[in-house]
Each structure stands twice: as C-alpha cells, then as structure tokens.
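Undergrad: This is the structure I have questions about; it appears just below.
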Amino acid sequence: MSLTDHWNDRYENNPESKLSWYQESSPEVDFIENNVGKATPIIDIGGGLSPFVHELIDLEFTDLTVLDISEFALSEGVRKAEGRKVEWIATDIREWTPERMYGLWHDRAVFHFLTEKEDQKRYFSMAAEALVPSGYLILGTFSENGPEACSGLPVARHSITDLTAAIEADFTVIDTSIQEHITPSGGTQEFAWVYAVRN
Ligand SMILES: C[S@@+](CC[C@H](N)C(=O)[O-])C[C@H]1O[C@@H](n2cnc3c(N)ncnc32)[C@H](O)[C@@H]1O
C-alpha cells in the first residue's frame with residue numbers, strides 16, 4: 001500500500017474522534033492570534049482533519065494553506081470550510097517545493113514521520129526557504145520519550161535540544177515545551193514543541 005493509500009485508509013475507515021492524534025482544538029492558535037496579522041500567509045503541514053485551519057478561518061485569518069498527503073482528509077477540509085477560501089495541496093511533503101513565501105509554518109504530529117535524516121534536513125531547509133524573515137515556525141513532534149510508532153508507521157523521536165540544534169542556523173528559538181497528549185483511548189504521548197522565528 002502506498003503512503004497516500006495508508007493515510008486515506010486511516011481517515012476513511014476510522015471515526016475522527018478515535019484517531020490517536022485527535023484533539024478538539026489547537027492551543028497554538030492563541031499564540032497566532034496574539035502575534036500574527038490576519039493577512040499573514042499561514043501553512044499547516046499535514047493538516048489532516050485538524051481543527052487548526054477552521055479555528056483560524058473563524059478568527060478571520062485570510063491566507064490559509066493546508067498540505068497533506070491524504071486527498072480524503074483534504075476533501076473533508078474543503079467540505080468543513082464551507083466555501084471559505086483555503087489553498088489545499090495534496091502532496092508528500094518530502095516531494096514538495098513551495099512556490100511562495102509564508103509568514104507562519106505549523107506542523108503538529110507530521111515531522112516525526114520523516115525517519116530519514118536526509119528528509120529531516122530537507123524539511124528544515126524548505127521551511128527556512130519558504131518563511132519570510134521574522135516568520136514563525138511552530139513544530140510539535142514526538143519527543144525522545146514519545147511513542148516509537150504511530151498509525152502503524154515508524155517514527156523518529158526528537159529532544160528539544162536536538163530540534164534546536166537542527167534549526168539554529170536559520171531560526172531563533174523563542175519558546176519550547178514538553179506536552180502530554182492524551183489519546184482518545186486514554187494513552188499519553190509526549191510531544192516536544194518548538195516555537196522559532198526565521199532569522
Ligand atoms: C498524525 S496525523 C496529524 C494530523 C494533524 N496535523 C493533527 O494534528 O490533527 C499526520 C498527518 O500527516 C499526514 N502526512 C503523513 N505523512 C505525510 C507526508 N509525507 N507528507 C504530507 N503529509 C503527510 C497524514 O495524512 C496525516 O494527516
């Protein structure tokens with residue numbers, strides 16, 4: 001099964017609220033509301049069915065993009081957006097080249113699926129190239145104590161120290177935290193969150 005089929009299958013055959021990464025709302029949105037102008041171009045990498053983009057639509061952000069490998073998830077996003085303008089990009093992040101600049105790059109629970117060092121390196125160079133100076137990177141990924149697999153796929157786990165070292169040539173880290181995500185089945189998953197500004 002291709003990776004695209006894997007993710008389409010996950011979304012098509014499981015209720016959204018039973019997916020291990022499900023959460024009702026996105027705490028990162030508070031930071032965005034307080035620090036970013038409404039016309040700032042914002043991209044959510046691997047947005048899936050996340051409420052993130054819909055919360056930003058409701059707050060009247062006007063330049064929103066969601067990228068995901070699953071066309072099924074994106075089609076659900078289109079339906080929920082009810083005609084509000086969002087750019088939807090169906091692609092594998094590892095094969096994508098951004099065609100414009102963004103003011104904020106958001107990724108919750110996607111980067112850890114890049115298990116190859118080369119893909120991780122390319123991901124951060126791509127984010128650095130696609131972000132305007134002073135643009136924000138918000139990344140939430142499994143910490144060194146996080147699960148070893150997710151959605152039946154292997155993952156790479158990262159400490160805040162390692163994430164900081166990986167981006168510090170291009171970014172200034174402004175905030176970090178470790179957060180426990182409680183899954184719908186009651187398990188816990190430790191996430192490392194990094195907020196950084198493009199130099
Ligand atoms: C664990 S889910 C997280 C979804 C969403 N960010 C959230 O917090 O609810 C991972 C998402 O990344 C997408 N994804 C996985 N690998 C990807 C890749 N290589 N390129 C683009 N999207 C990918 C999946 O389709 C899925 O929507």
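Quick note on naming: the chains in the structure tokens go A, B, ... in the order shown, residues restart at 1 in each chain, and ligands are numbered from 1 in order of appearance.
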For Asn145 (chain A), please output as a list in words all residues within 9 Å (counting only C-alpha atoms; exclusion window: fewer than 6 positions along the same chain).
TA: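 Counting only C-alpha atoms, the residues come to Arg157, His158, Ser159, Gln189, Glu190 and Phe191 of chain A.
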Undergrad: Would you list the residues that come within 8 Å of ligand 1? Count only C-alpha atoms and all ligand atoms and give the answer as a PyMOL selection string.
TA: chain A and resi 3-4+7-8+20-23+44-52+67-70+73+90-94+107-111+113-114+150-151
Undergrad: From region 82-119 of chain A, collect each residue whose DSSP state is strand (DSSP E or B) and return the set as a VMD selection string.
TA: chain A and resid 87 to 90 102 to 108
Undergrad: Any chance you could export the current selection's all heavy atoms as an mmCIF file, in the first residue's frame?
TA:
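File produced: selection07.cif:
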```cif
data_model
loop_
_atom_site.group_PDB
_atom_site.id
_atom_site.type_symbol
_atom_site.label_atom_id
_atom_site.label_comp_id
_atom_site.auth_asym_id
_atom_site.auth_seq_id
_atom_site.Cartn_x
_atom_site.Cartn_y
_atom_site.Cartn_z
ATOM 1 N N GLU A 87 -6.181 27.335 0.499
ATOM 2 C CA GLU A 87 -5.491 26.568 -0.543
ATOM 3 C C GLU A 87 -5.215 25.168 0.005
ATOM 4 O O GLU A 87 -4.697 25.026 1.120
ATOM 5 C CB GLU A 87 -4.184 27.250 -0.947
ATOM 6 C CG GLU A 87 -3.596 26.550 -2.143
ATOM 7 C CD GLU A 87 -2.332 27.202 -2.687
ATOM 8 O OE1 GLU A 87 -1.993 28.317 -2.236
ATOM 9 O OE2 GLU A 87 -1.695 26.573 -3.535
ATOM 10 N N TRP A 88 -5.589 24.151 -0.763
ATOM 11 C CA TRP A 88 -5.418 22.760 -0.333
ATOM 12 C C TRP A 88 -4.382 22.125 -1.243
ATOM 13 O O TRP A 88 -4.555 22.122 -2.469
ATOM 14 C CB TRP A 88 -6.742 21.999 -0.429
ATOM 15 C CG TRP A 88 -7.874 22.682 0.278
ATOM 16 C CD1 TRP A 88 -8.774 23.546 -0.275
ATOM 17 C CD2 TRP A 88 -8.206 22.591 1.678
ATOM 18 N NE1 TRP A 88 -9.662 23.981 0.700
ATOM 19 C CE2 TRP A 88 -9.342 23.414 1.899
ATOM 20 C CE3 TRP A 88 -7.670 21.886 2.756
ATOM 21 C CZ2 TRP A 88 -9.931 23.563 3.157
ATOM 22 C CZ3 TRP A 88 -8.269 22.020 4.003
ATOM 23 C CH2 TRP A 88 -9.386 22.852 4.200
ATOM 24 N N ILE A 89 -3.312 21.592 -0.679
ATOM 25 C CA ILE A 89 -2.239 21.000 -1.500
ATOM 26 C C ILE A 89 -2.099 19.519 -1.135
ATOM 27 O O ILE A 89 -1.732 19.184 -0.002
ATOM 28 C CB ILE A 89 -0.889 21.714 -1.258
ATOM 29 C CG1 ILE A 89 -1.009 23.213 -1.561
ATOM 30 C CG2 ILE A 89 0.211 21.091 -2.096
ATOM 31 C CD1 ILE A 89 0.247 24.024 -1.256
ATOM 32 N N ALA A 90 -2.399 18.659 -2.105
ATOM 33 C CA ALA A 90 -2.295 17.211 -1.867
ATOM 34 C C ALA A 90 -0.930 16.746 -2.366
ATOM 35 O O ALA A 90 -0.695 16.650 -3.579
ATOM 36 C CB ALA A 90 -3.404 16.482 -2.615
ATOM 37 N N TYR A 102 5.732 32.115 3.086
ATOM 38 C CA TYR A 102 4.740 32.078 4.177
ATOM 39 C C TYR A 102 5.258 32.894 5.359
ATOM 40 O O TYR A 102 6.466 33.087 5.520
ATOM 41 C CB TYR A 102 4.476 30.635 4.613
ATOM 42 C CG TYR A 102 3.882 29.807 3.497
ATOM 43 C CD1 TYR A 102 4.695 29.058 2.654
ATOM 44 C CD2 TYR A 102 2.502 29.829 3.253
ATOM 45 C CE1 TYR A 102 4.159 28.333 1.597
ATOM 46 C CE2 TYR A 102 1.958 29.112 2.202
ATOM 47 C CZ TYR A 102 2.790 28.364 1.375
ATOM 48 O OH TYR A 102 2.257 27.654 0.325
ATOM 49 N N GLY A 103 4.310 33.323 6.203
ATOM 50 C CA GLY A 103 4.690 34.047 7.420
ATOM 51 C C GLY A 103 4.629 33.152 8.645
ATOM 52 O O GLY A 103 5.126 33.513 9.717
ATOM 53 N N LEU A 104 4.013 31.968 8.468
ATOM 54 C CA LEU A 104 3.951 31.031 9.590
ATOM 55 C C LEU A 104 3.803 29.604 9.038
ATOM 56 O O LEU A 104 2.984 29.351 8.153
ATOM 57 C CB LEU A 104 2.778 31.354 10.515
ATOM 58 C CG LEU A 104 2.777 30.568 11.839
ATOM 59 C CD1 LEU A 104 2.303 31.458 12.998
ATOM 60 C CD2 LEU A 104 1.895 29.326 11.787
ATOM 61 N N TRP A 105 4.624 28.718 9.574
ATOM 62 C CA TRP A 105 4.653 27.300 9.171
ATOM 63 C C TRP A 105 4.305 26.492 10.416
ATOM 64 O O TRP A 105 5.004 26.580 11.429
ATOM 65 C CB TRP A 105 6.070 26.998 8.699
ATOM 66 C CG TRP A 105 6.415 25.600 8.296
ATOM 67 C CD1 TRP A 105 6.505 24.508 9.086
ATOM 68 C CD2 TRP A 105 6.787 25.161 6.977
ATOM 69 N NE1 TRP A 105 6.909 23.414 8.363
ATOM 70 C CE2 TRP A 105 7.091 23.788 7.065
ATOM 71 C CE3 TRP A 105 6.908 25.811 5.734
ATOM 72 C CZ2 TRP A 105 7.505 23.043 5.963
ATOM 73 C CZ3 TRP A 105 7.319 25.064 4.639
ATOM 74 C CH2 TRP A 105 7.617 23.704 4.757
ATOM 75 N N HIS A 106 3.213 25.723 10.338
ATOM 76 C CA HIS A 106 2.728 24.969 11.503
ATOM 77 C C HIS A 106 2.753 23.479 11.175
ATOM 78 O O HIS A 106 2.353 23.067 10.082
ATOM 79 C CB HIS A 106 1.296 25.406 11.811
ATOM 80 C CG HIS A 106 0.635 24.621 12.899
ATOM 81 N ND1 HIS A 106 -0.203 23.545 12.660
ATOM 82 C CD2 HIS A 106 0.681 24.750 14.253
ATOM 83 C CE1 HIS A 106 -0.658 23.064 13.803
ATOM 84 N NE2 HIS A 106 -0.136 23.772 14.788
ATOM 85 N N ASP A 107 3.228 22.700 12.112
ATOM 86 C CA ASP A 107 3.255 21.238 11.920
ATOM 87 C C ASP A 107 3.014 20.585 13.275
ATOM 88 O O ASP A 107 3.833 20.707 14.183
ATOM 89 C CB ASP A 107 4.626 20.837 11.351
ATOM 90 C CG ASP A 107 4.837 19.318 11.271
ATOM 91 O OD1 ASP A 107 4.152 18.556 11.989
ATOM 92 O OD2 ASP A 107 5.733 18.918 10.508
ATOM 93 N N ARG A 108 1.881 19.921 13.398
ATOM 94 C CA ARG A 108 1.639 19.103 14.597
ATOM 95 C C ARG A 108 1.565 17.647 14.159
ATOM 96 O O ARG A 108 0.712 17.269 13.356
ATOM 97 C CB ARG A 108 0.333 19.501 15.290
ATOM 98 C CG ARG A 108 -0.033 18.540 16.423
ATOM 99 C CD ARG A 108 -1.310 18.936 17.129
ATOM 100 N NE ARG A 108 -1.637 17.989 18.177
ATOM 101 C CZ ARG A 108 -2.460 16.940 18.026
ATOM 102 N NH1 ARG A 108 -3.038 16.718 16.851
ATOM 103 N NH2 ARG A 108 -2.696 16.120 19.023
#
```
Undergrad: Considering only C-alpha atoms, return as a CSV table (one decimal) with C-alpha atoms, in the first residue's frame whatever protein or nucleic-acid residues lie within 6 Å of His112 (chain A), sequence-local ones (same chain, fewer than 6 positions apart) excluded.
TA:
```csv
chain,number,residue,atom,x,y,z
A,141,THR,CA,6.6,16.4,17.2
A,155,VAL,CA,8.5,7.5,13.7
A,156,ALA,CA,11.7,9.4,14.6
```
Undergrad: When you count only C-alpha atoms, which of these residues is closest to Ile42 (chain A): A:Leu153, A:Ala127, A:Met1, A:Val78?
TA: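 For Ile42 (chain A), the nearest of the given residues is A:Ala127.
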Undergrad: Quick one: residues within 8 Å of Thr97 (chain A), only C-alpha atoms counted, chain neighbours fewer than 2 positions away excluded, as a list in words?
TA: Glu95, Glu99 and Met126 of chain A
Undergrad: May I ask which of the residues A:Asn199, A:Asn34, A:Thr115, A:Ser177 is the closest one to Leu137 (chain A), counting only C-alpha atoms?
TA: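 Between A:Asn199, A:Asn34, A:Thr115, A:Ser177, the residue approaching Leu137 (chain A) most closely is A:Asn199.
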Undergrad: Could you tell me which of A:Trp96, A:Tyr195, A:Phe61, A:Phe142 comes closest to Asp119 (chain A) if we count only C-alpha atoms?
TA: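 With only C-alpha atoms as the atom set, the closest residue is A:Trp96.
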Undergrad: So how many Å separate CA of Ile57 (chain A) and CA of Pro27 (chain A), to one decimal?
TA: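 CA of Pro27 (chain A) lies 15.2 Å from CA of Ile57 (chain A).
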Undergrad: As a PDB file with N, CA and C atoms, in the first residue's frame, which residues of chain A does DSSP assign to helix (DSSP H, G or I)?
TA:
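The resulting file, selection-v1.pdb, is shown below:
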```pdb
ATOM      1  N   LEU A   3       1.947   5.216   0.685  1.00  0.00           N
ATOM      2  CA  LEU A   3       1.755   6.048   1.874  1.00  0.00           C
ATOM      3  C   LEU A   3       0.440   6.848   1.764  1.00  0.00           C
ATOM      4  N   THR A   4       0.142   7.290   0.554  1.00  0.00           N
ATOM      5  CA  THR A   4      -1.114   8.035   0.338  1.00  0.00           C
ATOM      6  C   THR A   4      -2.308   7.139   0.664  1.00  0.00           C
ATOM      7  N   ASP A   5      -2.268   5.902   0.158  1.00  0.00           N
ATOM      8  CA  ASP A   5      -3.378   4.968   0.434  1.00  0.00           C
ATOM      9  C   ASP A   5      -3.471   4.680   1.933  1.00  0.00           C
ATOM     10  N   HIS A   6      -2.309   4.552   2.580  1.00  0.00           N
ATOM     11  CA  HIS A   6      -2.297   4.285   4.022  1.00  0.00           C
ATOM     12  C   HIS A   6      -3.068   5.376   4.769  1.00  0.00           C
ATOM     13  N   TRP A   7      -2.754   6.633   4.456  1.00  0.00           N
ATOM     14  CA  TRP A   7      -3.395   7.732   5.201  1.00  0.00           C
ATOM     15  C   TRP A   7      -4.853   7.907   4.799  1.00  0.00           C
ATOM     16  N   ASN A   8      -5.155   7.730   3.491  1.00  0.00           N
ATOM     17  CA  ASN A   8      -6.565   7.792   3.084  1.00  0.00           C
ATOM     18  C   ASN A   8      -7.364   6.736   3.832  1.00  0.00           C
ATOM     19  N   ASP A   9      -6.797   5.537   3.924  1.00  0.00           N
ATOM     20  CA  ASP A   9      -7.479   4.435   4.603  1.00  0.00           C
ATOM     21  C   ASP A   9      -7.715   4.771   6.081  1.00  0.00           C
ATOM     22  N   ARG A  10      -6.686   5.329   6.733  1.00  0.00           N
ATOM     23  CA  ARG A  10      -6.838   5.711   8.148  1.00  0.00           C
ATOM     24  C   ARG A  10      -8.032   6.650   8.330  1.00  0.00           C
ATOM     25  N   TYR A  11      -8.083   7.652   7.447  1.00  0.00           N
ATOM     26  CA  TYR A  11      -9.139   8.656   7.609  1.00  0.00           C
ATOM     27  C   TYR A  11     -10.510   8.128   7.185  1.00  0.00           C
ATOM     28  N   GLU A  12     -10.535   7.318   6.130  1.00  0.00           N
ATOM     29  CA  GLU A  12     -11.831   6.847   5.633  1.00  0.00           C
ATOM     30  C   GLU A  12     -12.461   5.825   6.554  1.00  0.00           C
ATOM     31  N   GLU A  16     -13.188  10.159  13.223  1.00  0.00           N
ATOM     32  CA  GLU A  16     -12.174  11.184  13.519  1.00  0.00           C
ATOM     33  C   GLU A  16     -11.811  11.203  15.015  1.00  0.00           C
ATOM     34  N   SER A  17     -12.830  11.103  15.865  1.00  0.00           N
ATOM     35  CA  SER A  17     -12.580  11.247  17.308  1.00  0.00           C
ATOM     36  C   SER A  17     -11.889  10.029  17.917  1.00  0.00           C
ATOM     37  N   LYS A  18     -11.671   8.984  17.097  1.00  0.00           N
ATOM     38  CA  LYS A  18     -10.966   7.800  17.614  1.00  0.00           C
ATOM     39  C   LYS A  18      -9.503   7.765  17.140  1.00  0.00           C
ATOM     40  N   GLU A  28      -2.065  26.172  19.953  1.00  0.00           N
ATOM     41  CA  GLU A  28      -1.161  27.085  19.241  1.00  0.00           C
ATOM     42  C   GLU A  28      -1.889  28.311  18.694  1.00  0.00           C
ATOM     43  N   VAL A  29      -3.204  28.168  18.497  1.00  0.00           N
ATOM     44  CA  VAL A  29      -3.965  29.261  17.876  1.00  0.00           C
ATOM     45  C   VAL A  29      -3.934  30.529  18.734  1.00  0.00           C
ATOM     46  N   ASP A  30      -3.852  30.382  20.056  1.00  0.00           N
ATOM     47  CA  ASP A  30      -3.771  31.570  20.926  1.00  0.00           C
ATOM     48  C   ASP A  30      -2.542  32.399  20.594  1.00  0.00           C
ATOM     49  N   PHE A  31      -1.398  31.708  20.445  1.00  0.00           N
ATOM     50  CA  PHE A  31      -0.158  32.407  20.101  1.00  0.00           C
ATOM     51  C   PHE A  31      -0.333  33.125  18.757  1.00  0.00           C
ATOM     52  N   ILE A  32      -0.923  32.438  17.809  1.00  0.00           N
ATOM     53  CA  ILE A  32      -1.065  33.007  16.459  1.00  0.00           C
ATOM     54  C   ILE A  32      -1.965  34.242  16.511  1.00  0.00           C
ATOM     55  N   GLU A  33      -3.053  34.114  17.230  1.00  0.00           N
ATOM     56  CA  GLU A  33      -3.979  35.246  17.326  1.00  0.00           C
ATOM     57  C   GLU A  33      -3.296  36.474  17.930  1.00  0.00           C
ATOM     58  N   ASN A  34      -2.390  36.221  18.887  1.00  0.00           N
ATOM     59  CA  ASN A  34      -1.757  37.340  19.593  1.00  0.00           C
ATOM     60  C   ASN A  34      -0.509  37.883  18.907  1.00  0.00           C
ATOM     61  N   ASN A  35       0.037  37.143  17.940  1.00  0.00           N
ATOM     62  CA  ASN A  35       1.332  37.549  17.391  1.00  0.00           C
ATOM     63  C   ASN A  35       1.377  37.735  15.880  1.00  0.00           C
ATOM     64  N   PHE A  52      -7.318  23.003  13.294  1.00  0.00           N
ATOM     65  CA  PHE A  52      -6.437  24.171  13.228  1.00  0.00           C
ATOM     66  C   PHE A  52      -6.905  25.199  12.185  1.00  0.00           C
ATOM     67  N   VAL A  53      -7.018  24.777  10.918  1.00  0.00           N
ATOM     68  CA  VAL A  53      -7.332  25.751   9.872  1.00  0.00           C
ATOM     69  C   VAL A  53      -8.736  26.332  10.067  1.00  0.00           C
ATOM     70  N   HIS A  54      -9.647  25.529  10.592  1.00  0.00           N
ATOM     71  CA  HIS A  54     -11.023  26.005  10.780  1.00  0.00           C
ATOM     72  C   HIS A  54     -11.091  27.018  11.926  1.00  0.00           C
ATOM     73  N   GLU A  55     -10.244  26.813  12.943  1.00  0.00           N
ATOM     74  CA  GLU A  55     -10.171  27.802  14.026  1.00  0.00           C
ATOM     75  C   GLU A  55      -9.647  29.139  13.472  1.00  0.00           C
ATOM     76  N   LEU A  56      -8.654  29.048  12.578  1.00  0.00           N
ATOM     77  CA  LEU A  56      -8.105  30.284  12.002  1.00  0.00           C
ATOM     78  C   LEU A  56      -9.114  30.958  11.064  1.00  0.00           C
ATOM     79  N   ILE A  57      -9.871  30.163  10.330  1.00  0.00           N
ATOM     80  CA  ILE A  57     -10.937  30.727   9.484  1.00  0.00           C
ATOM     81  C   ILE A  57     -11.917  31.502  10.364  1.00  0.00           C
ATOM     82  N   ASP A  58     -12.303  30.884  11.469  1.00  0.00           N
ATOM     83  CA  ASP A  58     -13.277  31.531  12.364  1.00  0.00           C
ATOM     84  C   ASP A  58     -12.726  32.833  12.939  1.00  0.00           C
ATOM     85  N   GLU A  71      -5.676  12.861   0.155  1.00  0.00           N
ATOM     86  CA  GLU A  71      -6.710  13.649  -0.544  1.00  0.00           C
ATOM     87  C   GLU A  71      -8.033  13.546   0.206  1.00  0.00           C
ATOM     88  N   PHE A  72      -8.248  12.401   0.844  1.00  0.00           N
ATOM     89  CA  PHE A  72      -9.507  12.216   1.576  1.00  0.00           C
ATOM     90  C   PHE A  72      -9.621  13.261   2.690  1.00  0.00           C
ATOM     91  N   ALA A  73      -8.513  13.410   3.462  1.00  0.00           N
ATOM     92  CA  ALA A  73      -8.540  14.393   4.558  1.00  0.00           C
ATOM     93  C   ALA A  73      -8.768  15.792   3.997  1.00  0.00           C
ATOM     94  N   LEU A  74      -8.114  16.099   2.887  1.00  0.00           N
ATOM     95  CA  LEU A  74      -8.267  17.443   2.319  1.00  0.00           C
ATOM     96  C   LEU A  74      -9.699  17.659   1.841  1.00  0.00           C
ATOM     97  N   SER A  75     -10.312  16.619   1.257  1.00  0.00           N
ATOM     98  CA  SER A  75     -11.684  16.810   0.769  1.00  0.00           C
ATOM     99  C   SER A  75     -12.643  17.054   1.941  1.00  0.00           C
ATOM    100  N   GLU A  76     -12.359  16.428   3.077  1.00  0.00           N
ATOM    101  CA  GLU A  76     -13.169  16.702   4.274  1.00  0.00           C
ATOM    102  C   GLU A  76     -12.959  18.151   4.728  1.00  0.00           C
ATOM    103  N   GLY A  77     -11.698  18.615   4.614  1.00  0.00           N
ATOM    104  CA  GLY A  77     -11.389  20.006   4.978  1.00  0.00           C
ATOM    105  C   GLY A  77     -12.155  20.983   4.101  1.00  0.00           C
ATOM    106  N   VAL A  78     -12.204  20.692   2.798  1.00  0.00           N
ATOM    107  CA  VAL A  78     -12.937  21.554   1.860  1.00  0.00           C
ATOM    108  C   VAL A  78     -14.405  21.616   2.281  1.00  0.00           C
ATOM    109  N   ARG A  79     -14.946  20.451   2.613  1.00  0.00           N
ATOM    110  CA  ARG A  79     -16.368  20.391   2.992  1.00  0.00           C
ATOM    111  C   ARG A  79     -16.620  21.240   4.252  1.00  0.00           C
ATOM    112  N   LYS A  80     -15.732  21.055   5.266  1.00  0.00           N
ATOM    113  CA  LYS A  80     -15.937  21.779   6.529  1.00  0.00           C
ATOM    114  C   LYS A  80     -15.715  23.282   6.378  1.00  0.00           C
ATOM    115  N   ALA A  81     -14.878  23.664   5.418  1.00  0.00           N
ATOM    116  CA  ALA A  81     -14.579  25.097   5.245  1.00  0.00           C
ATOM    117  C   ALA A  81     -15.756  25.839   4.622  1.00  0.00           C
ATOM    118  N   ILE A  93       5.088  15.757   1.584  1.00  0.00           N
ATOM    119  CA  ILE A  93       5.957  16.885   1.952  1.00  0.00           C
ATOM    120  C   ILE A  93       7.400  16.643   1.476  1.00  0.00           C
ATOM    121  N   ARG A  94       7.776  15.365   1.405  1.00  0.00           N
ATOM    122  CA  ARG A  94       9.160  15.053   1.009  1.00  0.00           C
ATOM    123  C   ARG A  94       9.415  15.348  -0.460  1.00  0.00           C
ATOM    124  N   GLU A  95       8.330  15.508  -1.227  1.00  0.00           N
ATOM    125  CA  GLU A  95       8.499  15.735  -2.669  1.00  0.00           C
ATOM    126  C   GLU A  95       8.047  17.119  -3.083  1.00  0.00           C
ATOM    127  N   PHE A 111       6.130  15.895  11.324  1.00  0.00           N
ATOM    128  CA  PHE A 111       7.596  15.795  11.158  1.00  0.00           C
ATOM    129  C   PHE A 111       8.132  14.453  11.654  1.00  0.00           C
ATOM    130  N   HIS A 112       7.509  13.885  12.706  1.00  0.00           N
ATOM    131  CA  HIS A 112       8.095  12.641  13.245  1.00  0.00           C
ATOM    132  C   HIS A 112       7.961  11.454  12.284  1.00  0.00           C
ATOM    133  N   PHE A 113       7.122  11.602  11.236  1.00  0.00           N
ATOM    134  CA  PHE A 113       7.048  10.516  10.246  1.00  0.00           C
ATOM    135  C   PHE A 113       8.232  10.549   9.272  1.00  0.00           C
ATOM    136  N   LYS A 117      17.274  10.871   7.946  1.00  0.00           N
ATOM    137  CA  LYS A 117      17.968  12.131   8.287  1.00  0.00           C
ATOM    138  C   LYS A 117      17.918  13.127   7.123  1.00  0.00           C
ATOM    139  N   GLU A 118      18.088  12.604   5.891  1.00  0.00           N
ATOM    140  CA  GLU A 118      18.094  13.486   4.713  1.00  0.00           C
ATOM    141  C   GLU A 118      16.751  14.208   4.563  1.00  0.00           C
ATOM    142  N   ASP A 119      15.652  13.475   4.812  1.00  0.00           N
ATOM    143  CA  ASP A 119      14.312  14.083   4.706  1.00  0.00           C
ATOM    144  C   ASP A 119      14.122  15.142   5.791  1.00  0.00           C
ATOM    145  N   GLN A 120      14.650  14.860   6.989  1.00  0.00           N
ATOM    146  CA  GLN A 120      14.518  15.832   8.089  1.00  0.00           C
ATOM    147  C   GLN A 120      15.293  17.108   7.750  1.00  0.00           C
ATOM    148  N   LYS A 121      16.490  16.912   7.188  1.00  0.00           N
ATOM    149  CA  LYS A 121      17.330  18.069   6.831  1.00  0.00           C
ATOM    150  C   LYS A 121      16.643  18.910   5.753  1.00  0.00           C
ATOM    151  N   ARG A 122      16.129  18.207   4.745  1.00  0.00           N
ATOM    152  CA  ARG A 122      15.475  18.915   3.637  1.00  0.00           C
ATOM    153  C   ARG A 122      14.228  19.652   4.158  1.00  0.00           C
ATOM    154  N   TYR A 123      13.521  19.025   5.077  1.00  0.00           N
ATOM    155  CA  TYR A 123      12.306  19.639   5.635  1.00  0.00           C
ATOM    156  C   TYR A 123      12.650  20.989   6.258  1.00  0.00           C
ATOM    157  N   PHE A 124      13.687  21.024   7.082  1.00  0.00           N
ATOM    158  CA  PHE A 124      14.015  22.284   7.748  1.00  0.00           C
ATOM    159  C   PHE A 124      14.562  23.322   6.768  1.00  0.00           C
ATOM    160  N   SER A 125      15.331  22.869   5.742  1.00  0.00           N
ATOM    161  CA  SER A 125      15.805  23.857   4.748  1.00  0.00           C
ATOM    162  C   SER A 125      14.623  24.423   3.996  1.00  0.00           C
ATOM    163  N   MET A 126      13.644  23.563   3.689  1.00  0.00           N
ATOM    164  CA  MET A 126      12.473  24.018   2.951  1.00  0.00           C
ATOM    165  C   MET A 126      11.690  25.035   3.784  1.00  0.00           C
ATOM    166  N   ALA A 127      11.513  24.741   5.084  1.00  0.00           N
ATOM    167  CA  ALA A 127      10.784  25.676   5.951  1.00  0.00           C
ATOM    168  C   ALA A 127      11.542  27.007   6.014  1.00  0.00           C
ATOM    169  N   ALA A 128      12.865  26.925   6.114  1.00  0.00           N
ATOM    170  CA  ALA A 128      13.661  28.163   6.202  1.00  0.00           C
ATOM    171  C   ALA A 128      13.537  28.966   4.910  1.00  0.00           C
ATOM    172  N   GLU A 129      13.544  28.275   3.777  1.00  0.00           N
ATOM    173  CA  GLU A 129      13.460  28.992   2.489  1.00  0.00           C
ATOM    174  C   GLU A 129      12.077  29.565   2.246  1.00  0.00           C
ATOM    175  N   ALA A 130      11.061  28.884   2.773  1.00  0.00           N
ATOM    176  CA  ALA A 130       9.684  29.318   2.493  1.00  0.00           C
ATOM    177  C   ALA A 130       9.181  30.365   3.474  1.00  0.00           C
ATOM    178  N   ILE A 160      14.094  18.391  22.518  1.00  0.00           N
ATOM    179  CA  ILE A 160      14.100  19.827  22.218  1.00  0.00           C
ATOM    180  C   ILE A 160      15.521  20.276  21.887  1.00  0.00           C
ATOM    181  N   THR A 161      16.497  19.710  22.574  1.00  0.00           N
ATOM    182  CA  THR A 161      17.907  20.067  22.295  1.00  0.00           C
ATOM    183  C   THR A 161      18.263  19.726  20.851  1.00  0.00           C
ATOM    184  N   ASP A 162      17.868  18.552  20.394  1.00  0.00           N
ATOM    185  CA  ASP A 162      18.196  18.155  19.015  1.00  0.00           C
ATOM    186  C   ASP A 162      17.454  19.009  17.990  1.00  0.00           C
ATOM    187  N   LEU A 163      16.192  19.301  18.282  1.00  0.00           N
ATOM    188  CA  LEU A 163      15.422  20.129  17.336  1.00  0.00           C
ATOM    189  C   LEU A 163      16.038  21.521  17.242  1.00  0.00           C
ATOM    190  N   THR A 164      16.415  22.057  18.403  1.00  0.00           N
ATOM    191  CA  THR A 164      17.022  23.398  18.422  1.00  0.00           C
ATOM    192  C   THR A 164      18.312  23.391  17.611  1.00  0.00           C
ATOM    193  N   ALA A 165      19.120  22.370  17.810  1.00  0.00           N
ATOM    194  CA  ALA A 165      20.401  22.294  17.081  1.00  0.00           C
ATOM    195  C   ALA A 165      20.151  22.172  15.573  1.00  0.00           C
ATOM    196  N   ALA A 166      19.088  21.472  15.199  1.00  0.00           N
ATOM    197  CA  ALA A 166      18.821  21.250  13.768  1.00  0.00           C
ATOM    198  C   ALA A 166      18.390  22.525  13.052  1.00  0.00           C
ATOM    199  N   ILE A 167      17.813  23.483  13.797  1.00  0.00           N
ATOM    200  CA  ILE A 167      17.284  24.672  13.106  1.00  0.00           C
ATOM    201  C   ILE A 167      18.054  25.949  13.424  1.00  0.00           C
TER     202      ILE A 167
END
```
Undergrad: Choose the residue, out of A:Glu116, A:Glu82, A:Gly37, A:Leu19, that has the smallest atom-to-atom separation from Gly186 (chain A); count only C-alpha atoms.
TA: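 For Gly186 (chain A), the nearest of the candidates is A:Leu19.
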